[in-house]
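Notes follow once the structure below has been shown.
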Number of protein chains: 2
Amino acid sequence: MDRDAIAILGGTGDQGLGLALRFAKAGRKVVIGSRKLEKALTAADEVRAQVPDADVVGLGNADATQQARIVIISVPFEHTASTVKGLKEVLEPEQILVSMGVPLATAIGDGAVRTVGVWQGSCAEMVAALAPKGVQVVSAFQNVAAHRLRTLDEPVECDVVISGAKEPREAVMALCDLIPGLRAVNGGLLSNARLVEPITALLIGMNIRYKSPEGLGIRFTGIPE
Amino acid sequence: MDRDAIAILGGTGDQGLGLALRFAKAGRKVVIGSRKLEKALTAADEVRAQVPDADVVGLGNADATQQARIVIISVPFEHTASTVKGLKEVLEPEQILVSMGVPLATAIGDGAVRTVGVWQGSCAEMVAALAPKGVQVVSAFQNVAAHRLRTLDEPVECDVVISGAKEPREAVMALCDLIPGLRAVNGGLLSNARLVEPITALLIGMNIRYKSPEGLGIRFTGIPE
């Protein structure tokens, strides 16, 4: 396992691929995971096409998980539980699982401007409940628009709220420094993901109302320098 | 009833008094309501002390409600239902009730960094369920820090999300133009208050973590001009 590599499960999707591009551009080794190896390989090719010197590979989700300390779960909410369950045999105690899922009502065939209730309180807490003992879970990146991530020559200009225990939270906050215009805000305890995840549904509704081409973001004001 | 006056029930509290000061400074007639007339009169005196030419009166909640088309409910969440029930006899169909309450867990003796679940989905929807037929309810102003409102010589520098039916929502959005640095963002349907109200608990937690003297605010980025 490479402590500096970043695995992105579901790195073939819009937002996951956006993160892969940004981390690769910053010079970090990126491991793209997918349920289908073929799709992971195609996504890795796409990263190399846009970032010629990228250190990127495509693997199945379980193989990808074994290549990096930080594993970002960027699959649709309704595939999150099964994805985490599928990693039980490969996850090791020192690893950090990053939950960026949002329980959008698209999971049940309803709209992306609404959420469904999660028994554990949030997607991140569901991931924590399913993760093997010792694996630390951090909530992050939910509200950064895919289009902003993928427009590589422009800063993303948005804050993301990072929640979880101190050490893994700070490790994930440090990743944000790799992406121009992305600021990490300390979200405290993992359970605060209950307050953070719904913001994505709000932003999706606003994107529709305001027809924002790049997608809306948030900035918190009043944070001391 | 004065269509241009603004009534603020609970206008004796930190945030309500902040709004009263701002609206009075903008030249609008302000009616401060309180359960206790004495407290409303004292708050009106305080507004006059800071805004010498203020057009402001203090009244009991029911009397205050009869003086203005727009009635802002700025009482603690746990007093919201009883306040609205107490207005049943005086509210008229063309009036607009503005819910700025947040179901913070302080209502049950727990902390302000967490929320409690509301049967109707949000404080705003609870207000709508309790309001007499024809009265329109709008969700607004939840996340604007009291300290920012009360520092009259500085812009508040924050966005507020306004949700509800189109006509009353636009009437409340227009009020935001009266306060320098406050931008109204179209929050769509009233039920979106479910997504907006929890942001206040998140900001309160961040205020603690970041020791922000003026209180944190939010700005949405990517909204077309």
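Residue numbering restarts at 1 for every chain of the structure tokens, chains are lettered A, B, ... in their displayed order, and ligands are numbered from 1 as they appear.
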Chain B residues within 9 Å of chain A, counting only C-alpha atoms: which ones, as an mmCIF file with C-alpha atoms, in the first residue's frame?
data_model
loop_
_atom_site.group_PDB
_atom_site.id
_atom_site.type_symbol
_atom_site.label_atom_id
_atom_site.label_comp_id
_atom_site.auth_asym_id
_atom_site.auth_seq_id
_atom_site.Cartn_x
_atom_site.Cartn_y
_atom_site.Cartn_z
ATOM 1 C CA VAL B 113 -24.676 22.114 17.044
ATOM 2 C CA ARG B 114 -27.303 19.413 16.521
ATOM 3 C CA THR B 115 -30.934 19.398 15.398
ATOM 4 C CA GLU B 157 -21.736 39.709 3.908
ATOM 5 C CA CYS B 158 -23.866 36.622 3.746
ATOM 6 C CA VAL B 185 -30.993 33.254 -2.973
ATOM 7 C CA ASN B 186 -34.085 31.575 -4.434
ATOM 8 C CA GLY B 187 -34.606 28.411 -2.394
ATOM 9 C CA GLY B 188 -37.627 27.146 -4.347
ATOM 10 C CA ASN B 192 -36.545 22.930 0.908
ATOM 11 C CA ARG B 194 -35.484 20.889 5.383
ATOM 12 C CA LEU B 195 -32.187 21.384 3.570
ATOM 13 C CA VAL B 196 -31.609 24.974 4.704
ATOM 14 C CA PRO B 198 -29.645 22.387 9.340
ATOM 15 C CA ILE B 199 -26.984 24.722 7.876
ATOM 16 C CA THR B 200 -27.413 26.922 10.960
ATOM 17 C CA ALA B 201 -26.389 24.074 13.279
ATOM 18 C CA LEU B 202 -23.365 23.476 11.037
ATOM 19 C CA LEU B 203 -22.394 27.162 11.221
ATOM 20 C CA GLY B 205 -20.369 24.267 15.263
ATOM 21 C CA MET B 206 -17.932 26.022 12.949
ATOM 22 C CA ASN B 207 -18.158 29.220 15.009
ATOM 23 C CA ARG B 209 -14.197 25.405 16.079
ATOM 24 C CA TYR B 210 -12.942 28.557 14.353
ATOM 25 C CA LYS B 211 -13.664 31.016 17.200
ATOM 26 C CA SER B 212 -15.091 33.450 14.656
ATOM 27 C CA PRO B 213 -15.884 36.704 16.489
ATOM 28 C CA GLU B 214 -18.527 37.920 14.027
ATOM 29 C CA GLY B 215 -20.026 34.489 13.344
ATOM 30 C CA LEU B 216 -19.679 32.528 10.119
ATOM 31 C CA GLY B 217 -21.863 33.108 7.087
ATOM 32 C CA ILE B 218 -22.297 31.432 3.729
ATOM 33 C CA ARG B 219 -22.000 32.605 0.164
ATOM 34 C CA PHE B 220 -23.078 30.590 -2.855
ATOM 35 C CA THR B 221 -20.667 30.812 -5.772
ATOM 36 C CA GLY B 222 -21.559 30.374 -9.438
ATOM 37 C CA ILE B 223 -24.918 32.177 -9.363
ATOM 38 C CA PRO B 224 -25.161 34.093 -12.658
#
Mind checking which residues fall within 12 Å of B:Glu46, counting only C-alpha atoms, ignoring those fewer than 3 positions away in the same chain, and posting them as a compact mmCIF listing (two decimals) with C-alpha atoms, in the first residue's frame?
# COMPACT_ATOMS: atom_id res chain seq x y z
CA GLY B 11 -37.79 41.04 18.01
CA THR B 12 -36.35 41.34 21.48
CA GLY B 13 -33.91 38.48 20.88
CA ASP B 14 -30.45 38.82 19.42
CA LEU B 17 -33.44 42.78 17.20
CA GLY B 18 -30.67 42.69 14.60
CA ALA B 20 -35.30 45.27 13.46
CA LEU B 21 -32.26 47.55 13.55
CA ALA B 24 -35.39 50.53 10.70
CA ILE B 32 -41.44 44.60 17.44
CA LYS B 39 -39.80 43.74 26.62
CA ALA B 40 -41.11 44.88 23.22
CA LEU B 41 -41.13 48.51 24.40
CA THR B 42 -37.56 48.21 25.69
CA ALA B 43 -36.41 46.69 22.37
CA ALA B 49 -31.19 54.67 20.48
CA GLN B 50 -29.13 53.22 17.62
CA VAL B 51 -31.24 54.51 14.72
CA PRO B 52 -32.48 57.95 15.89
CA ALA B 54 -36.41 54.91 13.34
CA VAL B 56 -40.51 51.59 15.38
CA VAL B 57 -43.09 50.47 17.93
CA GLY B 58 -43.20 47.68 20.50
CA ARG B 150 -26.17 44.23 14.86
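The residue that comes closest to A:Val135, out of A:Val172, A:Ile70, A:Leu178, A:Ala107 and on the basis of only C-alpha atoms, is A:Ile70.
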Helix (DSSP H, G or I) call set, DSSP backbone run, chain A, as a compact mmCIF listing (two decimals) with C-alpha atoms, in the first residue's frame:
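Listing of part.txt after writing:
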# COMPACT_ATOMS: atom_id res chain seq x y z
CA ASP A 14 -18.32 12.60 -13.29
CA GLN A 15 -17.26 13.75 -9.85
CA GLY A 16 -14.82 10.91 -9.16
CA LEU A 17 -13.07 11.41 -12.46
CA GLY A 18 -12.91 15.13 -11.68
CA LEU A 19 -11.06 14.40 -8.44
CA ALA A 20 -8.79 11.92 -10.23
CA LEU A 21 -7.83 14.57 -12.79
CA ARG A 22 -7.13 17.17 -10.12
CA PHE A 23 -5.03 14.87 -7.92
CA ALA A 24 -3.11 13.54 -10.93
CA LYS A 25 -2.46 17.09 -12.10
CA LEU A 37 -12.04 -3.21 -14.70
CA GLU A 38 -12.68 -2.14 -18.30
CA LYS A 39 -14.30 1.11 -17.18
CA ALA A 40 -11.47 1.83 -14.73
CA LEU A 41 -8.90 1.37 -17.50
CA THR A 42 -10.82 3.72 -19.82
CA ALA A 43 -11.04 6.34 -17.07
CA ALA A 44 -7.29 6.05 -16.42
CA ASP A 45 -6.70 6.59 -20.15
CA GLU A 46 -8.85 9.71 -20.00
CA VAL A 47 -6.82 11.08 -17.10
CA ARG A 48 -3.60 10.47 -19.06
CA ALA A 49 -5.09 12.17 -22.10
CA GLN A 50 -5.74 15.35 -20.11
CA ASN A 61 -12.53 -1.73 -6.56
CA ALA A 62 -10.93 -4.33 -4.25
CA ASP A 63 -7.56 -4.17 -6.01
CA ALA A 64 -7.65 -0.37 -6.07
CA THR A 65 -8.36 -0.28 -2.32
CA PHE A 77 -25.40 6.52 -2.82
CA GLU A 78 -27.41 3.38 -3.59
CA HIS A 79 -24.20 1.47 -4.38
CA THR A 80 -22.31 2.69 -1.33
CA ALA A 81 -23.27 -0.04 1.14
CA SER A 82 -22.55 -2.87 -1.27
CA THR A 83 -19.24 -1.27 -2.27
CA VAL A 84 -18.06 -1.00 1.36
CA LYS A 85 -19.25 -4.53 2.13
CA ALA A 105 -33.79 10.61 -3.57
CA THR A 106 -32.61 9.49 -7.02
CA ALA A 107 -31.65 6.32 -5.11
CA ILE A 108 -35.37 5.49 -4.98
CA CYS A 123 -24.18 8.26 4.23
CA ALA A 124 -20.85 8.80 6.02
CA GLU A 125 -22.12 7.21 9.23
CA MET A 126 -23.52 4.28 7.25
CA VAL A 127 -20.07 3.79 5.75
CA ALA A 128 -18.55 3.95 9.24
CA ALA A 129 -21.02 1.34 10.48
CA LEU A 130 -20.08 -1.00 7.65
CA ALA A 146 -18.11 17.87 -11.18
CA HIS A 147 -17.91 20.52 -13.88
CA ARG A 148 -15.70 22.72 -11.71
CA LEU A 149 -13.38 19.81 -10.95
CA ARG A 150 -13.10 18.90 -14.61
CA LYS A 166 -8.88 14.51 14.06
CA GLU A 167 -6.01 12.58 12.48
CA PRO A 168 -7.82 11.20 9.41
CA ARG A 169 -9.78 14.45 9.03
CA GLU A 170 -6.55 16.42 8.83
CA ALA A 171 -5.12 13.95 6.31
CA VAL A 172 -8.12 14.53 4.05
CA MET A 173 -8.07 18.29 4.62
CA ALA A 174 -4.46 18.25 3.39
CA LEU A 175 -5.64 16.70 0.10
CA CYS A 176 -7.71 19.82 -0.56
CA LEU A 190 -18.31 12.56 11.53
CA SER A 191 -21.97 12.80 12.57
CA ASN A 192 -21.98 16.38 11.30
CA ALA A 193 -22.21 14.79 7.86
CA ARG A 194 -25.96 14.83 8.64
CA LEU A 195 -25.80 18.60 8.31
CA VAL A 196 -23.42 18.67 5.34
CA GLU A 197 -24.81 16.04 2.96
CA PRO A 198 -28.21 17.77 2.44
CA ILE A 199 -26.44 20.91 1.17
CA THR A 200 -25.74 19.03 -2.08
CA ALA A 201 -29.48 18.54 -2.71
CA LEU A 202 -29.98 22.25 -2.04
CA LEU A 203 -27.23 23.16 -4.53
CA ILE A 204 -28.68 20.84 -7.19
CA GLY A 205 -32.05 22.61 -6.86
CA MET A 206 -30.33 25.98 -7.11
CA ASN A 207 -28.42 24.86 -10.22
CA ILE A 208 -31.79 24.18 -11.82
CA ARG A 209 -33.35 27.47 -10.68
CA TYR A 210 -30.34 29.61 -11.61
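Shortest separation to A:Thr151 among A:Leu59, A:Gly111, A:Arg28, A:Pro180 occurs at residue A:Pro180, atoms counted being only C-alpha atoms.
Shortest separation to A:Leu152 among A:Ile179, A:Ala68, A:Leu87, A:Val118 occurs at residue A:Ile179, atoms counted being only C-alpha atoms.
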Strand (DSSP E) call set, DSSP backbone run, stretch 138-225 of chain B, as a list of chain:residue names: B:Val138, B:Ser139, B:Cys158, B:Asp159, B:Val160, B:Val161, B:Ile162, B:Leu182, B:Arg183, B:Ala184, B:Val185, B:Asn186, B:Gly217, B:Ile218, B:Arg219, B:Phe220, B:Thr221
For the residues selected in the previous step, produce a file with C-alpha atoms as an mmCIF file, in the first residue's frame.
data_model
loop_
_atom_site.group_PDB
_atom_site.id
_atom_site.type_symbol
_atom_site.label_atom_id
_atom_site.label_comp_id
_atom_site.auth_asym_id
_atom_site.auth_seq_id
_atom_site.Cartn_x
_atom_site.Cartn_y
_atom_site.Cartn_z
ATOM 1 C CA VAL B 138 -41.860 31.683 3.705
ATOM 2 C CA SER B 139 -38.621 30.256 5.110
ATOM 3 C CA CYS B 158 -23.866 36.622 3.746
ATOM 4 C CA ASP B 159 -26.443 34.873 1.585
ATOM 5 C CA VAL B 160 -29.809 33.734 2.881
ATOM 6 C CA VAL B 161 -31.932 31.114 1.158
ATOM 7 C CA ILE B 162 -35.598 32.076 0.760
ATOM 8 C CA LEU B 182 -27.298 40.458 2.450
ATOM 9 C CA ARG B 183 -28.138 38.540 -0.731
ATOM 10 C CA ALA B 184 -31.338 36.578 -1.181
ATOM 11 C CA VAL B 185 -30.993 33.254 -2.973
ATOM 12 C CA ASN B 186 -34.085 31.575 -4.434
ATOM 13 C CA GLY B 217 -21.863 33.108 7.087
ATOM 14 C CA ILE B 218 -22.297 31.432 3.729
ATOM 15 C CA ARG B 219 -22.000 32.605 0.164
ATOM 16 C CA PHE B 220 -23.078 30.590 -2.855
ATOM 17 C CA THR B 221 -20.667 30.812 -5.772
#
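Across the structure, atom CA of A:Ala26 and atom CA of A:Ile6 are spaced 11.7 Å apart.
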